[in-house]
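J.: Structure file input_30.cif (mmCIF, C-alpha atoms and all ligand atoms) is given on the next line.
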```cif
data_input
loop_
_atom_site.label_atom_id
_atom_site.label_comp_id
_atom_site.auth_asym_id
_atom_site.auth_seq_id
_atom_site.Cartn_x
_atom_site.Cartn_y
_atom_site.Cartn_z
CA MET K 1198 5.04 -11.66 -3.28
CA THR K 1199 8.65 -10.64 -2.90
CA ALA K 1200 10.03 -7.41 -1.55
CA ASP K 1201 11.20 -6.60 -5.09
CA ASP K 1202 7.63 -6.44 -6.37
CA ARG K 1203 6.87 -3.60 -4.03
CA ILE K 1204 7.00 0.04 -4.93
CA PRO K 1205 10.20 1.30 -3.33
CA ALA K 1206 9.81 4.07 -0.77
CA PRO K 1207 11.16 7.30 -2.27
CA THR K 1208 14.65 7.89 -0.90
CA SER K 1209 17.01 10.80 -0.84
CA PRO K 1210 20.74 10.44 -0.24
CA SER K 1211 21.01 13.50 2.01
CA ALA K 1212 19.91 14.32 5.60
CA PRO K 1213 19.24 11.86 8.43
CA GLU K 1214 16.00 9.90 7.91
CA ALA K 1215 13.97 11.24 10.80
CA ALA K 1216 14.84 14.87 10.12
CA ARG K 1217 13.16 14.91 6.73
CA PRO K 1218 9.38 15.29 6.46
CA GLY K 1219 9.65 13.28 3.23
CA ALA K 1220 10.77 10.30 5.25
CA ALA K 1221 7.83 10.64 7.64
CA VAL K 1222 5.42 10.84 4.70
CA ALA K 1223 6.99 7.77 3.07
CA ASP K 1224 6.62 5.93 6.37
CA SER K 1225 2.94 6.93 6.81
CA ALA K 1226 0.37 4.19 7.33
CA PHE K 1227 -1.32 5.12 4.04
CA LEU K 1228 1.80 4.77 1.87
CA ARG K 1229 2.92 1.66 3.76
CA ALA K 1230 -0.47 0.03 3.08
CA CYS K 1231 -0.23 1.00 -0.62
CA ARG K 1232 3.16 -0.76 -0.69
CA ARG K 1233 1.69 -3.76 1.19
CA GLU K 1234 4.05 -3.26 4.12
CA PRO K 1235 3.03 -3.83 7.76
CA VAL K 1236 1.04 -0.91 9.23
CA PRO K 1237 0.44 0.23 12.83
CA TYR K 1238 -3.31 0.49 11.99
CA THR K 1239 -5.41 0.40 8.84
CA PRO K 1240 -5.23 3.83 7.18
CA VAL K 1241 -8.46 5.61 6.25
CA TRP K 1242 -9.43 8.32 3.79
CA PHE K 1243 -12.70 9.00 1.99
CA MET K 1244 -13.39 9.86 -1.62
CA ARG K 1245 -15.11 13.29 -1.55
CA GLN K 1246 -13.98 13.78 2.04
CA ALA K 1247 -13.86 17.50 1.28
CA GLY K 1248 -17.01 19.10 0.01
CA ARG K 1249 -20.66 19.48 0.70
CA SER K 1250 -20.84 17.23 3.78
CA LEU K 1251 -18.77 19.81 5.70
CA PRO K 1252 -20.33 23.08 6.98
CA GLU K 1253 -16.90 24.74 6.85
CA TYR K 1254 -16.75 23.87 3.11
CA ARG K 1255 -20.19 25.31 2.44
CA ARG K 1256 -19.10 28.49 4.23
CA VAL K 1257 -15.90 29.09 2.22
CA ARG K 1258 -17.62 28.19 -1.07
CA GLU K 1259 -20.46 30.67 -0.57
CA GLY K 1260 -20.88 32.73 -3.76
CA ILE K 1261 -17.93 31.05 -5.52
CA GLY K 1262 -18.51 28.69 -8.44
CA MET K 1263 -17.09 25.17 -8.25
CA LEU K 1264 -14.61 25.62 -11.11
CA ASP K 1265 -13.57 29.05 -9.87
CA SER K 1266 -12.83 27.58 -6.46
CA CYS K 1267 -10.68 24.86 -8.10
CA MET K 1268 -8.50 27.57 -9.67
CA ARG K 1269 -7.80 29.48 -6.46
CA PRO K 1270 -4.80 27.95 -4.67
CA ASP K 1271 -5.75 29.50 -1.31
CA LEU K 1272 -9.23 27.97 -1.44
CA VAL K 1273 -8.00 24.62 -2.77
CA ALA K 1274 -5.50 24.35 0.08
CA GLU K 1275 -8.05 25.33 2.73
CA ILE K 1276 -10.74 22.95 1.41
CA THR K 1277 -8.29 20.06 1.05
CA LEU K 1278 -7.16 20.51 4.66
CA GLN K 1279 -10.66 20.75 6.18
CA PRO K 1280 -11.39 16.99 6.36
CA VAL K 1281 -7.84 16.25 7.55
CA ARG K 1282 -8.28 18.61 10.49
CA ARG K 1283 -11.78 17.45 11.29
CA HIS K 1284 -11.69 13.69 10.71
CA LYS K 1285 -7.97 12.93 11.23
CA VAL K 1286 -7.93 10.90 8.03
CA ASP K 1287 -4.62 9.34 7.01
CA ALA K 1288 -4.38 11.07 3.63
CA ALA K 1289 -5.55 14.28 2.01
CA ILE K 1290 -6.98 14.33 -1.50
CA TYR K 1291 -6.31 17.36 -3.64
CA PHE K 1292 -9.54 19.36 -3.98
CA SER K 1293 -10.47 19.59 -7.64
CA ASP K 1294 -12.76 17.84 -10.10
CA ILE K 1295 -12.17 15.41 -12.94
CA VAL K 1296 -13.06 18.05 -15.55
CA VAL K 1297 -10.53 20.67 -14.35
CA PRO K 1298 -7.78 19.68 -16.85
CA LEU K 1299 -10.32 19.90 -19.69
CA LYS K 1300 -11.34 23.37 -18.58
CA ALA K 1301 -7.62 24.25 -18.36
CA ILE K 1302 -7.06 23.49 -22.06
CA GLY K 1303 -10.00 25.65 -23.03
CA ILE K 1304 -12.96 23.26 -23.36
CA ASP K 1305 -16.16 25.20 -22.84
CA LEU K 1306 -17.65 23.47 -19.82
CA ASP K 1307 -19.09 24.32 -16.45
CA ILE K 1308 -20.05 22.46 -13.28
CA LYS K 1309 -23.74 23.18 -12.70
CA PRO K 1310 -24.98 22.89 -9.10
CA GLY K 1311 -27.19 19.82 -8.71
CA VAL K 1312 -26.24 18.54 -12.18
CA GLY K 1313 -22.48 18.16 -12.52
CA PRO K 1314 -20.13 18.87 -15.41
CA VAL K 1315 -21.88 20.16 -18.55
CA VAL K 1316 -20.06 20.58 -21.90
CA ASP K 1317 -21.34 23.30 -24.25
CA ARG K 1318 -20.65 21.55 -27.54
CA PRO K 1319 -20.49 17.77 -27.09
CA PHE K 1320 -17.77 15.86 -28.96
CA ARG K 1321 -19.11 13.79 -31.85
CA THR K 1322 -16.81 14.15 -34.88
CA ARG K 1323 -13.13 14.08 -35.81
CA GLU K 1324 -13.14 17.90 -36.07
CA ASP K 1325 -14.05 18.02 -32.38
CA LEU K 1326 -10.70 16.40 -31.52
CA GLU K 1327 -8.95 19.59 -32.55
CA ARG K 1328 -10.36 21.21 -29.42
CA LEU K 1329 -8.32 18.76 -27.31
CA ARG K 1330 -4.84 20.24 -27.28
CA PRO K 1331 -2.10 18.88 -24.99
CA LEU K 1332 -2.03 20.16 -21.41
CA ASP K 1333 0.98 22.29 -20.53
CA PRO K 1334 2.03 22.71 -16.88
CA ASP K 1335 1.62 26.47 -17.43
CA ASP K 1336 -2.12 25.88 -17.93
CA VAL K 1337 -2.43 24.80 -14.30
CA THR K 1338 0.04 26.88 -12.32
CA TYR K 1339 -2.63 27.10 -9.60
CA VAL K 1340 -2.27 23.33 -9.09
CA THR K 1341 1.50 23.55 -8.60
CA GLU K 1342 1.01 26.43 -6.19
CA ALA K 1343 -1.74 24.72 -4.18
CA VAL K 1344 0.11 21.39 -3.95
CA GLY K 1345 3.24 23.21 -2.77
CA ALA K 1346 1.28 25.04 -0.05
CA LEU K 1347 -0.47 21.82 0.94
CA THR K 1348 2.56 19.61 1.32
CA ALA K 1349 4.12 22.25 3.57
CA GLU K 1350 0.97 22.30 5.77
CA LEU K 1351 0.32 18.57 5.76
CA GLY K 1352 3.65 17.51 7.28
CA ALA K 1353 3.66 13.71 7.52
CA THR K 1354 0.16 13.30 6.03
CA PRO K 1355 0.38 12.23 2.38
CA LEU K 1356 -1.42 14.13 -0.37
CA ILE K 1357 -3.20 12.14 -3.08
CA GLY K 1358 -3.41 13.72 -6.52
CA PHE K 1359 -6.12 12.59 -8.91
CA ALA K 1360 -7.55 12.71 -12.40
CA GLY K 1361 -10.44 11.29 -14.37
CA ALA K 1362 -9.56 8.32 -16.59
CA PRO K 1363 -9.88 8.64 -20.38
CA PHE K 1364 -13.16 6.68 -20.61
CA THR K 1365 -14.97 8.65 -17.90
CA LEU K 1366 -13.74 11.97 -19.33
CA ALA K 1367 -14.75 10.87 -22.83
CA SER K 1368 -18.22 10.06 -21.54
CA TYR K 1369 -18.65 13.63 -20.22
CA LEU K 1370 -17.29 15.13 -23.47
CA VAL K 1371 -19.36 12.96 -25.82
CA GLU K 1372 -22.62 13.01 -23.86
CA GLY K 1373 -22.25 16.66 -22.92
CA GLY K 1374 -22.94 15.93 -19.25
CA PRO K 1375 -23.70 13.15 -16.76
CA SER K 1376 -25.31 10.14 -18.44
CA ARG K 1377 -27.04 7.02 -17.24
CA ASN K 1378 -26.66 4.94 -20.39
CA HIS K 1379 -23.64 6.48 -22.17
CA GLU K 1380 -25.42 5.92 -25.47
CA HIS K 1381 -23.55 8.51 -27.56
CA THR K 1382 -20.25 7.41 -26.03
CA LYS K 1383 -20.89 3.78 -26.89
CA ALA K 1384 -22.15 4.73 -30.36
CA MET K 1385 -18.74 6.28 -31.03
CA MET K 1386 -16.86 3.39 -29.42
CA TYR K 1387 -18.63 0.78 -31.59
CA GLY K 1388 -19.36 2.87 -34.66
CA ALA K 1389 -16.20 4.95 -35.10
CA PRO K 1390 -13.47 2.91 -33.41
CA GLU K 1391 -10.58 4.91 -34.88
CA LEU K 1392 -12.02 8.22 -33.79
CA TRP K 1393 -12.73 6.68 -30.38
CA ALA K 1394 -9.15 5.41 -30.02
CA ASP K 1395 -7.76 8.82 -30.99
CA LEU K 1396 -10.06 10.58 -28.53
CA LEU K 1397 -8.99 8.29 -25.68
CA ASP K 1398 -5.35 8.62 -26.65
CA ARG K 1399 -5.50 12.41 -26.48
CA LEU K 1400 -7.31 12.24 -23.16
CA ALA K 1401 -4.65 9.84 -21.85
CA ASP K 1402 -1.93 12.39 -22.65
CA ILE K 1403 -3.87 15.21 -20.97
CA THR K 1404 -4.56 13.06 -17.90
CA ALA K 1405 -0.94 11.92 -17.64
CA ALA K 1406 0.30 15.51 -17.92
CA PHE K 1407 -2.14 16.62 -15.21
CA LEU K 1408 -1.04 13.84 -12.84
CA LYS K 1409 2.63 14.64 -13.48
CA VAL K 1410 2.08 18.26 -12.47
CA GLN K 1411 0.60 17.08 -9.17
CA ILE K 1412 3.38 14.55 -8.49
CA GLU K 1413 6.16 16.96 -9.41
CA ALA K 1414 4.66 19.54 -7.06
CA GLY K 1415 4.67 16.99 -4.20
CA ALA K 1416 1.70 14.59 -4.34
CA SER K 1417 2.66 11.24 -2.74
CA ALA K 1418 0.15 9.05 -4.60
CA VAL K 1419 -2.34 9.39 -7.43
CA GLN K 1420 -5.82 8.03 -8.03
CA LEU K 1421 -7.25 7.56 -11.51
CA PHE K 1422 -11.07 7.70 -11.38
CA ASP K 1423 -12.69 5.59 -14.07
CA SER K 1424 -16.02 6.09 -12.37
CA TRP K 1425 -18.16 4.99 -15.32
CA ALA K 1426 -16.07 1.99 -16.48
CA GLY K 1427 -18.59 -0.33 -14.83
CA ALA K 1428 -20.96 0.47 -17.70
CA LEU K 1429 -18.76 -1.66 -19.99
CA ALA K 1430 -18.59 -5.38 -20.72
CA PRO K 1431 -15.14 -6.81 -19.88
CA GLU K 1432 -14.21 -7.44 -23.51
CA ASP K 1433 -15.05 -3.87 -24.52
CA TYR K 1434 -13.17 -2.51 -21.54
CA ARG K 1435 -10.06 -4.52 -22.46
CA HIS K 1436 -10.19 -3.68 -26.12
CA SER K 1437 -11.40 -0.08 -26.18
CA VAL K 1438 -10.49 1.47 -22.82
CA LEU K 1439 -7.67 -0.37 -21.05
CA PRO K 1440 -4.93 0.72 -23.51
CA ALA K 1441 -5.59 4.41 -22.80
CA SER K 1442 -5.67 3.91 -19.01
CA ALA K 1443 -2.47 1.84 -19.25
CA LYS K 1444 -0.84 4.72 -21.12
CA VAL K 1445 -1.61 7.02 -18.19
CA PHE K 1446 -0.26 4.58 -15.60
CA ASP K 1447 2.89 3.93 -17.65
CA ALA K 1448 3.54 7.65 -17.99
CA VAL K 1449 3.61 8.18 -14.22
CA ALA K 1450 5.33 4.88 -13.33
CA PRO K 1451 8.85 6.40 -13.29
CA TYR K 1452 7.91 8.58 -10.30
CA GLY K 1453 7.46 5.49 -8.11
CA VAL K 1454 4.40 6.85 -6.28
CA PRO K 1455 1.49 4.44 -5.67
CA ARG K 1456 -1.10 4.51 -8.44
CA ILE K 1457 -4.68 3.83 -7.38
CA HIS K 1458 -7.37 2.86 -9.89
CA PHE K 1459 -11.05 3.16 -9.01
CA GLY K 1460 -14.41 2.65 -10.68
CA VAL K 1461 -18.01 1.95 -9.68
CA GLY K 1462 -19.81 -1.29 -10.53
CA THR K 1463 -16.53 -2.80 -11.70
CA GLY K 1464 -16.83 -6.26 -10.11
CA GLU K 1465 -16.32 -7.93 -13.49
CA LEU K 1466 -13.47 -5.58 -14.44
CA LEU K 1467 -11.28 -5.68 -11.33
CA GLY K 1468 -8.64 -7.95 -12.89
CA ALA K 1469 -8.44 -5.88 -16.07
CA MET K 1470 -8.29 -2.60 -14.13
CA ALA K 1471 -5.38 -4.00 -12.12
CA GLU K 1472 -3.63 -5.06 -15.34
CA ALA K 1473 -3.90 -1.50 -16.65
CA GLY K 1474 -1.06 -0.74 -14.24
CA ALA K 1475 -2.47 0.09 -10.83
CA ASP K 1476 -0.61 -0.62 -7.58
CA VAL K 1477 -3.83 -0.27 -5.56
CA VAL K 1478 -7.32 -1.09 -6.83
CA GLY K 1479 -10.34 0.69 -5.36
CA VAL K 1480 -13.44 -1.45 -4.96
CA ASP K 1481 -17.06 -0.36 -4.59
CA TRP K 1482 -19.33 -2.04 -2.01
CA ARG K 1483 -20.74 -4.69 -4.33
CA VAL K 1484 -17.85 -7.16 -3.99
CA PRO K 1485 -16.37 -8.19 -0.61
CA LEU K 1486 -12.68 -7.27 -0.38
CA ASP K 1487 -11.37 -10.84 -0.05
CA GLU K 1488 -13.17 -11.81 -3.25
CA ALA K 1489 -12.11 -8.52 -4.88
CA ALA K 1490 -8.46 -9.24 -4.00
CA ARG K 1491 -8.78 -12.66 -5.64
CA ARG K 1492 -10.08 -11.03 -8.84
CA ILE K 1493 -7.45 -8.27 -8.74
CA GLY K 1494 -4.63 -10.80 -8.50
CA PRO K 1495 -1.36 -10.86 -6.56
CA ASP K 1496 0.93 -7.99 -5.62
CA LYS K 1497 -1.72 -5.25 -5.49
CA ALA K 1498 -3.21 -3.50 -2.48
CA VAL K 1499 -6.97 -2.92 -2.22
CA GLN K 1500 -8.94 0.15 -1.20
CA GLY K 1501 -12.51 0.32 0.03
CA ASN K 1502 -15.28 -0.48 0.42
CA LEU K 1503 -18.02 0.61 2.86
CA ASP K 1504 -21.26 1.59 1.12
CA PRO K 1505 -21.50 5.41 1.57
CA ALA K 1506 -25.24 5.04 2.28
CA VAL K 1507 -24.42 2.98 5.42
CA LEU K 1508 -23.35 6.24 7.11
CA PHE K 1509 -27.01 7.24 7.33
CA ALA K 1510 -27.71 4.28 9.65
CA PRO K 1511 -27.37 4.42 13.47
CA ARG K 1512 -23.85 4.15 14.88
CA PRO K 1513 -23.96 0.43 15.85
CA ALA K 1514 -25.04 -0.46 12.31
CA VAL K 1515 -22.24 1.65 10.80
CA GLU K 1516 -19.75 -0.09 13.08
CA ALA K 1517 -21.10 -3.54 12.21
CA GLN K 1518 -20.77 -2.86 8.50
CA ALA K 1519 -17.29 -1.34 8.94
CA ARG K 1520 -16.35 -4.48 10.90
CA ARG K 1521 -17.53 -6.57 7.97
CA VAL K 1522 -15.21 -4.65 5.61
CA LEU K 1523 -12.28 -5.07 8.02
CA ASP K 1524 -12.98 -8.79 8.45
CA ALA K 1525 -12.98 -9.35 4.68
CA ALA K 1526 -9.64 -7.52 4.47
CA ARG K 1527 -8.08 -9.19 7.52
CA ASP K 1528 -5.68 -11.47 5.61
CA LEU K 1529 -4.78 -9.02 2.85
CA PRO K 1530 -1.28 -7.51 3.01
CA GLY K 1531 -2.38 -4.04 1.86
CA HIS K 1532 -5.72 -2.48 2.77
CA VAL K 1533 -6.64 1.19 2.66
CA PHE K 1534 -10.05 1.74 4.24
CA ASN K 1535 -12.36 3.94 2.19
CA LEU K 1536 -15.97 4.11 1.10
CA GLY K 1537 -17.12 2.25 -2.02
CA HIS K 1538 -17.73 5.66 -3.66
CA GLY K 1539 -17.72 9.30 -2.61
CA VAL K 1540 -19.17 10.73 0.61
CA LEU K 1541 -22.82 11.61 -0.07
CA PRO K 1542 -23.51 15.36 0.31
CA ASP K 1543 -25.98 14.96 3.23
CA THR K 1544 -23.75 12.68 5.30
CA ASP K 1545 -23.40 13.68 8.98
CA PRO K 1546 -19.71 14.67 9.26
CA ASP K 1547 -19.58 13.34 12.85
CA ALA K 1548 -20.39 9.87 11.51
CA LEU K 1549 -17.27 10.10 9.34
CA THR K 1550 -15.07 11.26 12.23
CA ARG K 1551 -16.34 8.37 14.37
CA LEU K 1552 -15.71 5.92 11.55
CA VAL K 1553 -12.05 6.97 11.28
CA GLU K 1554 -11.65 6.47 15.05
CA PHE K 1555 -13.41 3.11 14.90
CA VAL K 1556 -11.21 1.74 12.09
CA HIS K 1557 -8.05 2.94 13.85
CA GLU K 1558 -9.12 1.39 17.18
CA GLN K 1559 -10.21 -1.89 15.69
CA THR K 1560 -7.00 -2.38 13.72
CA ALA K 1561 -4.35 -1.02 16.15
CA ARG K 1562 -1.47 -3.49 16.18
O1 LIG I 1 -23.61 12.77 -10.70
C1 LIG I 1 -23.04 13.05 -11.76
O2 LIG I 1 -23.10 12.40 -12.77
C2 LIG I 1 -22.15 14.29 -11.79
C3 LIG I 1 -21.11 14.19 -10.74
C4 LIG I 1 -20.19 15.36 -10.55
C5 LIG I 1 -18.84 15.44 -10.96
N1 LIG I 1 -18.33 16.61 -10.49
C6 LIG I 1 -19.29 17.27 -9.79
C7 LIG I 1 -20.47 16.54 -9.85
C8 LIG I 1 -21.79 16.99 -9.28
C9 LIG I 1 -22.09 16.43 -7.93
O3 LIG I 1 -21.28 15.71 -7.33
O4 LIG I 1 -23.19 16.73 -7.44
C10 LIG I 1 -19.08 18.54 -9.08
C11 LIG I 1 -18.28 18.42 -7.83
N2 LIG I 1 -16.99 17.94 -7.76
C12 LIG I 1 -16.56 17.99 -6.44
C13 LIG I 1 -17.60 18.61 -5.66
C14 LIG I 1 -17.51 18.86 -4.20
C15 LIG I 1 -18.42 17.90 -3.46
O5 LIG I 1 -18.53 16.72 -3.87
O6 LIG I 1 -19.08 18.36 -2.52
C16 LIG I 1 -18.67 18.85 -6.52
C17 LIG I 1 -19.96 19.53 -6.21
C18 LIG I 1 -19.73 20.97 -6.37
C19 LIG I 1 -20.78 21.82 -5.76
O7 LIG I 1 -21.89 21.85 -6.34
O8 LIG I 1 -20.49 22.42 -4.71
C20 LIG I 1 -15.21 17.63 -5.96
C21 LIG I 1 -14.62 16.36 -6.40
N3 LIG I 1 -14.97 15.62 -7.52
C22 LIG I 1 -14.22 14.46 -7.53
C23 LIG I 1 -13.33 14.49 -6.45
C24 LIG I 1 -12.36 13.42 -6.11
C25 LIG I 1 -12.90 12.49 -5.01
O9 LIG I 1 -13.95 11.88 -5.23
O10 LIG I 1 -12.29 12.38 -3.95
C26 LIG I 1 -13.55 15.67 -5.75
C27 LIG I 1 -12.77 16.23 -4.57
C28 LIG I 1 -13.22 15.74 -3.27
C29 LIG I 1 -12.21 16.05 -2.21
O11 LIG I 1 -11.31 16.86 -2.38
O12 LIG I 1 -12.36 15.43 -1.13
C30 LIG I 1 -14.25 13.40 -8.54
C31 LIG I 1 -15.36 13.31 -9.51
N4 LIG I 1 -16.13 14.32 -10.08
C32 LIG I 1 -17.03 13.75 -10.97
C33 LIG I 1 -16.79 12.36 -11.01
C34 LIG I 1 -17.48 11.41 -11.96
C35 LIG I 1 -18.27 10.38 -11.33
C36 LIG I 1 -19.45 10.78 -10.51
O13 LIG I 1 -20.37 11.37 -11.07
O14 LIG I 1 -19.50 10.46 -9.32
C37 LIG I 1 -15.75 12.10 -10.11
C38 LIG I 1 -15.13 10.78 -9.76
C39 LIG I 1 -15.96 10.01 -8.74
O15 LIG I 1 -16.44 10.60 -7.77
O16 LIG I 1 -16.14 8.82 -8.99
C40 LIG I 1 -18.05 14.47 -11.77
#
```
Would you kindly transcribe this structure into structure tokens?
Ligand SMILES: O=C(O)CCc1c2[nH]c(c1CC(=O)O)Cc1[nH]c(c(CC(=O)O)c1CCC(=O)O)Cc1[nH]c(c(CC(=O)O)c1CCC(=O)O)Cc1[nH]c(c(CCC(=O)O)c1CC(=O)O)C2
T.:
Amino acid sequence: MTADDRIPAPTSPSAPEAARPGAAVADSAFLRACRREPVPYTPVWFMRQAGRSLPEYRRVREGIGMLDSCMRPDLVAEITLQPVRRHKVDAAIYFSDIVVPLKAIGIDLDIKPGVGPVVDRPFRTREDLERLRPLDPDDVTYVTEAVGALTAELGATPLIGFAGAPFTLASYLVEGGPSRNHEHTKAMMYGAPELWADLLDRLADITAAFLKVQIEAGASAVQLFDSWAGALAPEDYRHSVLPASAKVFDAVAPYGVPRIHFGVGTGELLGAMAEAGADVVGVDWRVPLDEAARRIGPDKAVQGNLDPAVLFAPRPAVEAQARRVLDAARDLPGHVFNLGHGVLPDTDPDALTRLVEFVHEQTAR
């Protein structure tokens, strides 16, 4: 690895370094780890760190639907900040959901409590593609407003923007909701490859536009969630999915912010997911981070990978398992500590706060 391979820290020609909050954000442990630079301690954040595990979240969400709350900048900002205040995590993640950009372009969908995203008329034919128009920044002015408010509040703590990757979004659209087997999605992928490619291409443009809005408003990094990619064989992933994800990563590359790529059950896909254009690859708990880094290849940072279910065990067991993650990552130049998937809704929030403290203490340099 040479210094030239690294993502340059954003710079501005004006104002003395220390006086600018932008400089403090760029120098944060999280962004340094993403760039594989030395860090004072291993940075920590958690997927789904905001949300149902927090009583303060349940309070502010009372009587307000999930999608409605995603469109209210005041609520988005408050919910995004809650885990930062409580857990002292090293990054905030913008509170939203992967289906928000689809809702924003007029797709008839809802997030049903206890179920997840549900699409009224699932996508099955070429005519359905006409419902997928490009996303205009004016469709999501609430995102620009919320990100602006957040970056002002967050000071030196970076904000991560995110979006669902084309394959995972396609799965929701084609199945009509969460799916275990993705049978209709795969039927289209194998049986109507041109329609499939066009669907993913349109989703790539929508996703890229949604990430750009977040970056232009002030997000310091972005994460592309291809949560369901692990359902695919490597050859199918490379042939039928990777080009669309690569299109998203290429579109945001000029901004120079770290691009994180994450999926579940992706042990066999880690190399291909890195090739799609990520700077940081998120790993679930099934592959130890040293082995994951070998599969991901050189010049990429890794993120992960404590099993979220471990947080239900007594404190010494949580610490032992967190230690195991840190040991596997010991010799890696860039490690962002995270769970291997999102915080489970019934997690004890105090266990998360203690985990942040533990990782910071154990890795203080
Ligand atoms: O299980 C299923 O198949 C449906 C999953 C589901 C989705 N949105 C949903 C649900 C219902 C639920 O979580 O109960 C609906 C959803 N999205 C979210 C929440 C809040 C919470 O989890 O308590 C909820 C539950 C809403 C509620 O009922 O109060 C918020 C959300 N979704 C997401 C994120 C990004 C992140 O994880 O950090 C975030 C923001 C978290 C934050 O700001 O800290 C991303 C998301 N949404 C979704 C997926 C697809 C993969 C998956 O299913 O896990 C993914 C990507 C992923 O987690 O891998 C779809």
J.: Given all atoms listed in the file as the basis, pick out the residue of K:Gly1260, K:Pro1298, K:Gly1531, K:Gly1494 nearest to Ala1362 in chain K.
T.: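 Answer, going by the shortest atom-to-atom distance: K:Pro1298.
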J.: Counting all atoms listed in the file, which of K:Trp1393, K:Phe1364, K:Trp1242, K:Tyr1291 gets nearest to ligand LIG 1 (chain I)?
T.: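 Ranking K:Trp1393, K:Phe1364, K:Trp1242, K:Tyr1291 by distance to ligand LIG 1 (chain I), first place goes to K:Tyr1291.
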J.: Quick one, how far is CA of Pro1451 in chain K from CA of Thr1348 in chain K?
T.: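 CA of Thr1348 in chain K lies at a distance of 20.7 Å from CA of Pro1451 in chain K.
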J.: Residues within 6 Å of ligand LIG 1 (chain I) (only C-alpha atoms and all ligand atoms), as a list in words?
T.: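 What falls inside 6 Å of ligand LIG 1 (chain I) is Met1244, Arg1245, Gln1246, Ala1247, Gly1248, Arg1249, Met1263, Thr1277, Ile1290, Tyr1291, Phe1292, Ser1293, Asp1294, Ile1295, Ile1308, Pro1310, Gly1311, Val1312, Gly1313, Pro1314, Pro1375, Phe1422, Ser1424 and Gly1539 of chain K.
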J.: I want to know what sits within 12 Å of Arg1321 in chain K, based on all atoms listed in the file, with residues of the same chain fewer than 3 positions away left out; could you give that as a list in words?
T.: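 Counting all atoms listed in the file, the residues come to Arg1318, Glu1324, Asp1325, Leu1326, Glu1327, Arg1328, Ala1367, Ser1368, Tyr1369, Leu1370, Val1371, Glu1372, Gly1373, Glu1380, His1381, Thr1382, Lys1383, Ala1384, Met1385, Met1386, Gly1388, Ala1389, Leu1392, Trp1393 and Leu1396 of chain K.
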J.: In Å, with one decimal, what is the gap from CA of Val1344 in chain K to CA of Cys1267 in chain K?
T.: 12.1 Å
